Amino acid sequence: MIRQTAYTVEPWCVREQTLDLDMLAQSESVFALSNGHIGLRGNLEEGEPHGLPGTYLNSVYELRPLPYAEGGYGYPESGQTVINVTNGKLIRLLVEDEPFDVRYGELRSHERVVDFRAGSLTRNVEWRSPAGDSVRVRTVRLVSLVQRGVAAIHYEVEAVDRPVRVVVQSELVANESLPDMGKDPRMAGRLESPLVGEESVADKDTAVMVHRTRHSDLRVGAAMGHEIDGPEHTVTMDGFEDVCRYTVATRLQPGERLCLVKYLAYGWSSRRSRPAVHDQVIAALAAAKMTGWDGLVREQREFLDDFWAGADVELDGDAEVQQAVRFGLFHTLQAGARAERRSVPAKGLTGPGYDGHTFWDTEMFVLPPLTYTRPEAAADALRWRHSTLDLAKERAEQLGLRGSAFPWRTIAGQECSGYWPAGTAAFHINAAIADAVIRYIDATADEDFARDVGFELLVETARLWRSLGHHDTKGRFRIDGVTGPDEYSAIVDNNVYTNLMAQRNLLAAADLAEQYPEQARRMGVAEEETADWRDAAAAVVIPWDKRLEVHPQNEGFTHHARWDFENTPSDHYPLLLNYPYFDIYRKQVVKQADLVLALHLRGDAFTDDQKLRNFVYYEGLTVRDSSLSACTQAVMAAETGHLELAHDYLGEAALMDLRDLEHNTRDGLHIASLAGAWNALVAGFGGMRQYTARLCFAPRLPPGISRLAFRMRFRGRRLCVTITHDETVYELLSGDPLQIEHHGQPVNLDGGAVRVDVPPTPSRPAPAQPPGREPARRDKTTR
């Protein structure tokens with residue numbers, strides 16, 4: 001676990017003041033930079049030591065077989081695994097013939113800082129070689145949020161106390177050796193040397209390499225160019241199939257510096273020729289050089305200034321979470337800002353965890369903050385889903401269903417889950433996509449998107465639900481044999497979350513069919529079909545346990561034996577790695593919020609009393625073996641009046657990676673949990689809901705937070721909501737007048753600040769969690 005002292009607590013950055021080699025892999029994830037197209041892990045420039053080298057291009061993957069002990073109809077035959085592409089981060093340094101390596105000599109100081117406003121990673125080092133020569137090294141790295149295919153590094157070396165001869169080697173390297181990823185099934189599949197060289201050209205200060213993946217047949221291009229400033233020097237360039245190297249040699253007097261700017265350009269294609277990919281990266285490199293280092297820095301700052309103007313979150317009373325929520329928003333933005341009709345993986349582009357796959361995490365947890373802070377990124381993620389619609393239709397047909405069955409885990413749109421009870425059967429991925437479409441349309445009023453993209457997605461997912469479910473002898477609409485969000489309960493009947501989300505999907509599709517009759521005719525949506533959707537939605541089964549007065553997570557769930565929490569050792573979590581699924585599936589134990597997630601997203605389907613009773617009941621069963629759970633539990637803990645518990649869950653979600661709470665941050669960040677921290681604050685303590693086109697707020701703060709302010713974008717407007725224990729101030733920062741709701745009462749915003757009182761929170765006893773599974777408590781002194 002990352003110790004609390006690993007990083008200083010600062011509002012706008014994460015700072016590491018010493019280098020701990022035992023934490024190197026985790027810090028490489030924390031210091032990763034991305035724009036949604038290019039991802040650079042926070043590896044040291046000299047390449048060694050490293051925890052896990054990583055340079056990624058969104059949706060560049062290799063195929064690997066999915067073996068089965070016993071095959072079955074409809075099982076995916078191959079999986080897709082993200083690969084480490086050509087590494088352009090490498091800049092090696094030799095001081096009087098001795099390689100700069102932090103493991104040797106004396107590391108006098110070492111600091112790294114990722115700045116959320118500058119969008120850059122800065123490193124400052126002072127090192128004394130084994131021979132006694134001292135140098136200072138300063139690097140600044142960025143992945144451009146403005147120029148999609150560009151990254152750059154500013155590298156500066158200074159002699160300290162006596163003249164030194166230095167040699168700087170800037171490299172492009174393909175097919176790096178990777179460490180063993182272990183046996184955890186959640187780790188990436190290891191692929192040796194996935195790239196086959198097609199071209200390597202090195203001339204003067206520029207080099208280009210083009211490779212092709214062995215099996216997935218994707219073409220990857222990488223280019224580097226350089227600018228040098230310093231004393232007289234010599235330069236050489238050489239290139240081979242998997243290595244291109246630019247070498248600069250000079251002699252530095254004390255206080256004298258050699259400065260190298262390295263521009264990087266990346267591109268890939270499944271269709272374009274080698275010359276076309278070559279020209280693409282050369283063009284991107286030319287644009288970067290024309291902009292220059294100072295211009296790239298300025299562009300990055302302006303982009304982020306605009307983002308934070310409509311996205312920033314401020315809170316008083318918890319400095320650690322203040323830092324963590326901005327860290328989370330920064331990485332959420334990085335994951336999707338320039339993905340542009342590509343997926344947003346569960347780890348973003350920060351590591352190879354989960355094979356680089358996209359799950360329902362994207363639509364359910366990552367897109368909500370993007371929808372209200374960077375809506376164009378949310379739209380692009382949904383356009384990517386739309387681009388895979390034909391594959392989803394083929395999958396549905398293979399399963400004997402109508403409509404579209406989107407994959408549980410994928411990179412390019414094909415199903416890659418080899419375990420169907422927690423993959424194919426988790427049809428709620430389709431509901432998550434539909435929910436994200438509905439939310440985006442309501443939050444933006446984007447008519448073009450609704451007509452051209454959203455309508456097809458909603459119709460095809462609605463057709464899936466109608467095909468998957470059936471009316472029983474009592475006329476009730478049942479959806480049987482599916483797996484809900486809780487992966488510890490598989491192949492169940494009438495999962496409440498799934499049924500309620502399907503209901504919303506069916507009604508929204510029917511409404512849009514009426515709104516866009518021409519598109520409905522084109523897709524063959526007749527009035528009989530929309531009427532059928534409405535009938536199914538009205539009759540959907542929502543199980544209820546009269547004895548306990550709670551909703552069973554699915555039919556029969558509350559009749560199962562409870563898991564023996566008292567006799568489960570703390571080191572036996574997560575349960576899936578220590579107990580057979582057969583045993584887990586037959587017990588009342590919840591991996592992650594399921595029924596509680598329904599309380600949040602379909603709160604309009606429950607009474608306040610039902611929400612309270614359900615929340616308390618499922619608190620005693622939920623072990624949070626998934627990083628997706630804490631943020632949802634925070635939201636519902638806040639809504640049901642358990643504000644201190646909500647604060648603790650917020651801390652767990654926000655600090656998931658800065659504290660390495662799941663012990664696997666080395667494999668990449670938990671983007672959904674980081675995005676979930678925004679949900680916990682805005683939907684939890686801000687009480688923000690949007691069941692229709694109107695924004696509703698019901699704010700309340702826990703004792704440990706004295707003030708919460710957040711900015712958001714809604715239908716072309718920018719809003720600021722500032723909450724204290726006594727009042728809330730709503731401000732319309734830009735855009736047309738707007739009516740919102742505050743604790744059920746209308747509030748009109750027309751440009752000025754509107755102040756309203758916050759009603760008192762009812763006092764309630766705190767619910768109990770399974771023994772040893774209480775939220776990861778933070779040191780109260782850090783608040």
# chains A, B, ... in the order shown; residues from 1 in each chain; ligands from 1
>>> residues_around(residues="Arg162 of chain A", least_positions_apart="2", cutoff="9 Å", atoms="only C-alpha atoms", output="PyMOL selection string")
chain A and resi 133-134+159-160+164+252-255
>>> write_last_selection(atoms="N, CA and C atoms", output="PDB file, in the first residue's frame")
ATOM      1  N   ASP A 133      31.318  12.987  -9.826  1.00  0.00           N
ATOM      2  CA  ASP A 133      30.846  14.081 -10.676  1.00  0.00           C
ATOM      3  C   ASP A 133      29.365  14.343 -10.397  1.00  0.00           C
ATOM      4  N   SER A 134      29.017  15.621 -10.173  1.00  0.00           N
ATOM      5  CA  SER A 134      27.641  15.972  -9.811  1.00  0.00           C
ATOM      6  C   SER A 134      26.952  16.701 -10.961  1.00  0.00           C
ATOM      7  N   ALA A 159      25.982  20.987 -15.071  1.00  0.00           N
ATOM      8  CA  ALA A 159      27.151  20.626 -14.265  1.00  0.00           C
ATOM      9  C   ALA A 159      27.103  21.411 -12.955  1.00  0.00           C
ATOM     10  N   VAL A 160      27.522  20.783 -11.852  1.00  0.00           N
ATOM     11  CA  VAL A 160      27.371  21.420 -10.542  1.00  0.00           C
ATOM     12  C   VAL A 160      28.662  22.050 -10.044  1.00  0.00           C
ATOM     13  N   VAL A 164      32.295  18.706 -16.611  1.00  0.00           N
ATOM     14  CA  VAL A 164      31.983  17.306 -16.897  1.00  0.00           C
ATOM     15  C   VAL A 164      31.663  17.159 -18.383  1.00  0.00           C
ATOM     16  N   LEU A 252      30.371  20.479 -20.211  1.00  0.00           N
ATOM     17  CA  LEU A 252      29.712  21.532 -19.445  1.00  0.00           C
ATOM     18  C   LEU A 252      30.633  22.049 -18.351  1.00  0.00           C
ATOM     19  N   GLN A 253      30.724  23.363 -18.251  1.00  0.00           N
ATOM     20  CA  GLN A 253      31.395  23.997 -17.123  1.00  0.00           C
ATOM     21  C   GLN A 253      30.412  24.103 -15.958  1.00  0.00           C
ATOM     22  N   PRO A 254      30.902  24.277 -14.719  1.00  0.00           N
ATOM     23  CA  PRO A 254      29.975  24.406 -13.581  1.00  0.00           C
ATOM     24  C   PRO A 254      28.939  25.512 -13.832  1.00  0.00           C
ATOM     25  N   GLY A 255      27.682  25.190 -13.630  1.00  0.00           N
ATOM     26  CA  GLY A 255      26.586  26.122 -13.849  1.00  0.00           C
ATOM     27  C   GLY A 255      26.107  26.179 -15.287  1.00  0.00           C
TER      28      GLY A 255
END
>>> select_by_dssp(residues="segment 363-496 of chain A", states="strand (DSSP E)", output="ChimeraX atom specification")
/A:470-471,477-478
>>> residues_around(residues="Ala379 of chain A", least_positions_apart="4", cutoff="10 Å", atoms="only C-alpha atoms", output="mmCIF file with N, CA and C atoms, in the first residue's frame")
data_model
loop_
_atom_site.group_PDB
_atom_site.id
_atom_site.type_symbol
_atom_site.label_atom_id
_atom_site.label_comp_id
_atom_site.auth_asym_id
_atom_site.auth_seq_id
_atom_site.Cartn_x
_atom_site.Cartn_y
_atom_site.Cartn_z
ATOM 1 N N GLU A 340 -11.771 10.611 -28.871
ATOM 2 C CA GLU A 340 -12.368 10.860 -30.176
ATOM 3 C C GLU A 340 -12.782 9.577 -30.897
ATOM 4 N N ARG A 341 -13.947 9.080 -30.471
ATOM 5 C CA ARG A 341 -14.554 7.898 -31.054
ATOM 6 C C ARG A 341 -13.718 6.646 -30.841
ATOM 7 N N LEU A 367 -18.479 8.723 -17.546
ATOM 8 C CA LEU A 367 -19.173 9.711 -18.373
ATOM 9 C C LEU A 367 -20.002 10.731 -17.594
ATOM 10 N N LEU A 370 -17.792 13.725 -17.004
ATOM 11 C CA LEU A 370 -17.458 14.315 -18.296
ATOM 12 C C LEU A 370 -18.671 14.992 -18.932
ATOM 13 N N THR A 371 -19.854 14.407 -18.776
ATOM 14 C CA THR A 371 -21.062 14.995 -19.347
ATOM 15 C C THR A 371 -21.299 16.399 -18.812
ATOM 16 N N ARG A 374 -16.987 18.225 -19.448
ATOM 17 C CA ARG A 374 -16.382 18.204 -20.791
ATOM 18 C C ARG A 374 -17.311 17.402 -21.701
ATOM 19 N N PRO A 375 -18.511 17.913 -21.982
ATOM 20 C CA PRO A 375 -19.538 17.110 -22.650
ATOM 21 C C PRO A 375 -19.129 16.556 -24.003
ATOM 22 N N ARG A 383 -20.241 7.984 -29.256
ATOM 23 C CA ARG A 383 -20.126 7.766 -30.702
ATOM 24 C C ARG A 383 -19.278 6.531 -30.994
ATOM 25 N N TRP A 384 -18.287 6.268 -30.125
ATOM 26 C CA TRP A 384 -17.526 5.027 -30.300
ATOM 27 C C TRP A 384 -18.438 3.824 -30.114
ATOM 28 N N ARG A 385 -19.270 3.832 -29.083
ATOM 29 C CA ARG A 385 -20.210 2.726 -28.908
ATOM 30 C C ARG A 385 -21.097 2.589 -30.149
ATOM 31 N N ALA A 436 -26.312 6.541 -20.225
ATOM 32 C CA ALA A 436 -25.370 7.606 -20.577
ATOM 33 C C ALA A 436 -25.897 8.435 -21.745
ATOM 34 N N VAL A 437 -26.576 7.782 -22.694
ATOM 35 C CA VAL A 437 -27.172 8.507 -23.823
ATOM 36 C C VAL A 437 -28.264 9.453 -23.326
ATOM 37 N N TYR A 440 -26.744 12.382 -21.399
ATOM 38 C CA TYR A 440 -26.078 13.356 -22.267
ATOM 39 C C TYR A 440 -27.096 14.219 -23.009
ATOM 40 N N ILE A 441 -28.134 13.598 -23.551
ATOM 41 C CA ILE A 441 -29.145 14.367 -24.281
ATOM 42 C C ILE A 441 -29.840 15.360 -23.354
ATOM 43 N N THR A 444 -27.371 18.296 -22.417
ATOM 44 C CA THR A 444 -26.816 19.150 -23.464
ATOM 45 C C THR A 444 -27.841 19.662 -24.460
ATOM 46 N N ASP A 446 -28.475 18.289 -27.178
ATOM 47 C CA ASP A 446 -27.767 18.134 -28.447
ATOM 48 C C ASP A 446 -28.671 17.375 -29.418
ATOM 49 N N PHE A 449 -26.924 14.926 -32.005
ATOM 50 C CA PHE A 449 -26.520 13.674 -31.386
ATOM 51 C C PHE A 449 -27.732 12.787 -31.121
ATOM 52 N N VAL A 453 -27.222 9.625 -33.359
ATOM 53 C CA VAL A 453 -26.486 8.632 -32.577
ATOM 54 C C VAL A 453 -27.348 8.044 -31.468
ATOM 55 N N GLY A 454 -27.883 8.913 -30.624
ATOM 56 C CA GLY A 454 -28.626 8.447 -29.456
ATOM 57 C C GLY A 454 -29.832 7.610 -29.803
#
>>> closest_residue(among="A:Ala510, A:Ala753, A:Ala638, A:Val496", to="Thr530 of chain A", atoms="only C-alpha atoms")
A:Ala510
>>> residues_around(residues="Asp726 of chain A", least_positions_apart="6", cutoff="12 Å", atoms="only C-alpha atoms", output="PyMOL selection string")
chain A and resi 699-703+706-708+755-761
>>> write_last_selection(atoms="N, CA and C atoms", output="PDB file, in the first residue's frame")
ATOM      1  N   PRO A 699     -28.649  19.584  -1.265  1.00  0.00           N
ATOM      2  CA  PRO A 699     -27.327  19.569  -0.622  1.00  0.00           C
ATOM      3  C   PRO A 699     -27.374  19.459   0.894  1.00  0.00           C
ATOM      4  N   ARG A 700     -26.398  18.714   1.415  1.00  0.00           N
ATOM      5  CA  ARG A 700     -26.124  18.630   2.854  1.00  0.00           C
ATOM      6  C   ARG A 700     -24.661  18.238   3.021  1.00  0.00           C
ATOM      7  N   LEU A 701     -24.001  18.820   4.023  1.00  0.00           N
ATOM      8  CA  LEU A 701     -22.586  18.551   4.241  1.00  0.00           C
ATOM      9  C   LEU A 701     -22.368  17.759   5.526  1.00  0.00           C
ATOM     10  N   PRO A 702     -21.333  16.918   5.554  1.00  0.00           N
ATOM     11  CA  PRO A 702     -20.965  16.224   6.789  1.00  0.00           C
ATOM     12  C   PRO A 702     -20.226  17.169   7.728  1.00  0.00           C
ATOM     13  N   PRO A 703     -20.099  16.807   8.997  1.00  0.00           N
ATOM     14  CA  PRO A 703     -19.404  17.706   9.942  1.00  0.00           C
ATOM     15  C   PRO A 703     -17.979  18.043   9.534  1.00  0.00           C
ATOM     16  N   SER A 706     -16.710  21.958   5.811  1.00  0.00           N
ATOM     17  CA  SER A 706     -17.434  23.191   6.142  1.00  0.00           C
ATOM     18  C   SER A 706     -17.966  23.911   4.912  1.00  0.00           C
ATOM     19  N   ARG A 707     -17.383  23.625   3.760  1.00  0.00           N
ATOM     20  CA  ARG A 707     -17.817  24.301   2.529  1.00  0.00           C
ATOM     21  C   ARG A 707     -17.479  23.429   1.334  1.00  0.00           C
ATOM     22  N   LEU A 708     -18.434  23.321   0.415  1.00  0.00           N
ATOM     23  CA  LEU A 708     -18.222  22.604  -0.839  1.00  0.00           C
ATOM     24  C   LEU A 708     -18.709  23.494  -1.974  1.00  0.00           C
ATOM     25  N   ARG A 755     -29.445  32.735  -2.843  1.00  0.00           N
ATOM     26  CA  ARG A 755     -29.133  32.062  -1.579  1.00  0.00           C
ATOM     27  C   ARG A 755     -30.387  31.400  -1.022  1.00  0.00           C
ATOM     28  N   VAL A 756     -30.260  30.142  -0.641  1.00  0.00           N
ATOM     29  CA  VAL A 756     -31.379  29.409  -0.044  1.00  0.00           C
ATOM     30  C   VAL A 756     -30.875  28.609   1.150  1.00  0.00           C
ATOM     31  N   ASP A 757     -31.767  28.373   2.106  1.00  0.00           N
ATOM     32  CA  ASP A 757     -31.390  27.644   3.311  1.00  0.00           C
ATOM     33  C   ASP A 757     -31.270  26.146   3.045  1.00  0.00           C
ATOM     34  N   VAL A 758     -30.417  25.509   3.826  1.00  0.00           N
ATOM     35  CA  VAL A 758     -30.272  24.052   3.788  1.00  0.00           C
ATOM     36  C   VAL A 758     -31.033  23.470   4.975  1.00  0.00           C
ATOM     37  N   PRO A 759     -32.014  22.610   4.741  1.00  0.00           N
ATOM     38  CA  PRO A 759     -32.770  22.037   5.865  1.00  0.00           C
ATOM     39  C   PRO A 759     -31.893  21.140   6.722  1.00  0.00           C
ATOM     40  N   PRO A 760     -32.238  20.986   7.987  1.00  0.00           N
ATOM     41  CA  PRO A 760     -31.425  20.147   8.882  1.00  0.00           C
ATOM     42  C   PRO A 760     -31.468  18.684   8.464  1.00  0.00           C
ATOM     43  N   THR A 761     -30.416  17.947   8.810  1.00  0.00           N
ATOM     44  CA  THR A 761     -30.330  16.522   8.505  1.00  0.00           C
ATOM     45  C   THR A 761     -30.877  15.720   9.674  1.00  0.00           C
TER      46      THR A 761
END
>>> residues_around(residues="Tyr56 of chain A", least_positions_apart="2", cutoff="6 Å", atoms="only C-alpha atoms", output="list of chain:residue names")
A:Ile38, A:Gly39, A:Asn84, A:Val85
>>> write_last_selection(atoms="C-alpha atoms", output="PDB file, in the first residue's frame")
ATOM      1  CA  ILE A  38      -1.582   8.734 -26.256  1.00  0.00           C
ATOM      2  CA  GLY A  39      -0.726   7.440 -22.781  1.00  0.00           C
ATOM      3  CA  ASN A  84       3.175  -1.410 -25.002  1.00  0.00           C
ATOM      4  CA  VAL A  85       3.944   0.469 -28.230  1.00  0.00           C
TER       5      VAL A  85
END
>>> residues_around(residues="segment 19-22 of chain A", least_positions_apart="3", cutoff="10 Å", atoms="only C-alpha atoms", output="PDB file with C-alpha atoms, in the first residue's frame")
ATOM      1  CA  ILE A   2       1.204   3.497  -0.725  1.00  0.00           C
ATOM      2  CA  ALA A   6       4.335   9.217  -0.140  1.00  0.00           C
ATOM      3  CA  GLU A  16       6.789  13.073  -4.591  1.00  0.00           C
ATOM      4  CA  ALA A  25       5.328   0.952 -10.301  1.00  0.00           C
ATOM      5  CA  GLN A  26       2.557   2.654  -8.313  1.00  0.00           C
ATOM      6  CA  SER A  27       4.061   6.082  -8.860  1.00  0.00           C
ATOM      7  CA  PRO A  49      14.947   1.203 -12.979  1.00  0.00           C
ATOM      8  CA  HIS A  50      11.292   0.736 -13.827  1.00  0.00           C
ATOM      9  CA  GLY A  51       8.267  -0.940 -12.329  1.00  0.00           C
ATOM     10  CA  VAL A 102      19.498   6.372  -9.474  1.00  0.00           C
ATOM     11  CA  ARG A 103      20.541   2.999  -8.028  1.00  0.00           C
ATOM     12  CA  LEU A 107      20.968  10.535  -5.197  1.00  0.00           C
ATOM     13  CA  SER A 109      17.595  14.920  -4.191  1.00  0.00           C
ATOM     14  CA  HIS A 110      14.731  13.649  -6.311  1.00  0.00           C
ATOM     15  CA  GLU A 111      11.350  15.299  -6.764  1.00  0.00           C
ATOM     16  CA  ARG A 112       8.473  14.715  -9.197  1.00  0.00           C
TER      17      ARG A 112
END
>>> residues_around(residues="Lys591 of chain A", least_positions_apart="3", cutoff="7 Å", atoms="only C-alpha atoms", output="JSON, numbers by chain")
{"A": [486, 487, 488, 622, 623, 624, 625, 626]}
>>> closest_residue(among="A:Leu655, A:Thr81, A:Pro53, A:Arg764", to="Gly353 of chain A", atoms="only C-alpha atoms")
A:Thr81
>>> closest_residue(among="A:Met688, A:Val196, A:Leu391, A:Leu506", to="His742 of chain A", atoms="only C-alpha atoms")
A:Met688
>>> closest_residue(among="A:Ile228, A:Val492, A:Ala174, A:Val590", to="Val210 of chain A", atoms="only C-alpha atoms")
A:Ala174
>>> select_by_dssp(residues="segment 260-419 of chain A", states="alpha helix (DSSP H)", output="PyMOL selection string")
chain A and resi 274-309+319-336+361+367-373+375-387+389-398
>>> closest_residue(among="A:Ala309, A:Tyr585, A:His331, A:Thr568", to="Arg717 of chain A", atoms="only C-alpha atoms")
A:Ala309
>>> closest_atom_pairs(of="segment 666-693 of chain A", to="segment 314-322 of chain A", cutoff="12 Å", atoms="only C-alpha atoms", output="Markdown table")
| residue | atom | partner | partner_atom | distance |
| --- | --- | --- | --- | --- |
| A:Leu674 | CA | A:Val321 | CA | 11.0 |
| A:Ala677 | CA | A:Val321 | CA | 8.9 |
| A:Trp678 | CA | A:Val321 | CA | 10.6 |
| A:Ala680 | CA | A:Val321 | CA | 11.3 |
| A:Leu681 | CA | A:Leu315 | CA | 9.4 |
| A:Val682 | CA | A:Glu314 | CA | 11.0 |
| A:Phe685 | CA | A:Leu315 | CA | 11.0 |
| A:Gly686 | CA | A:Leu315 | CA | 11.7 |
>>> atom_distance(atom1="atom CA of Glu662 of chain A", atom2="atom CA of Asp648 of chain A")
15.9 Å
>>> atom_distance(atom1="atom CA of Val14 of chain A", atom2="atom CA of Leu661 of chain A")
17.1 Å
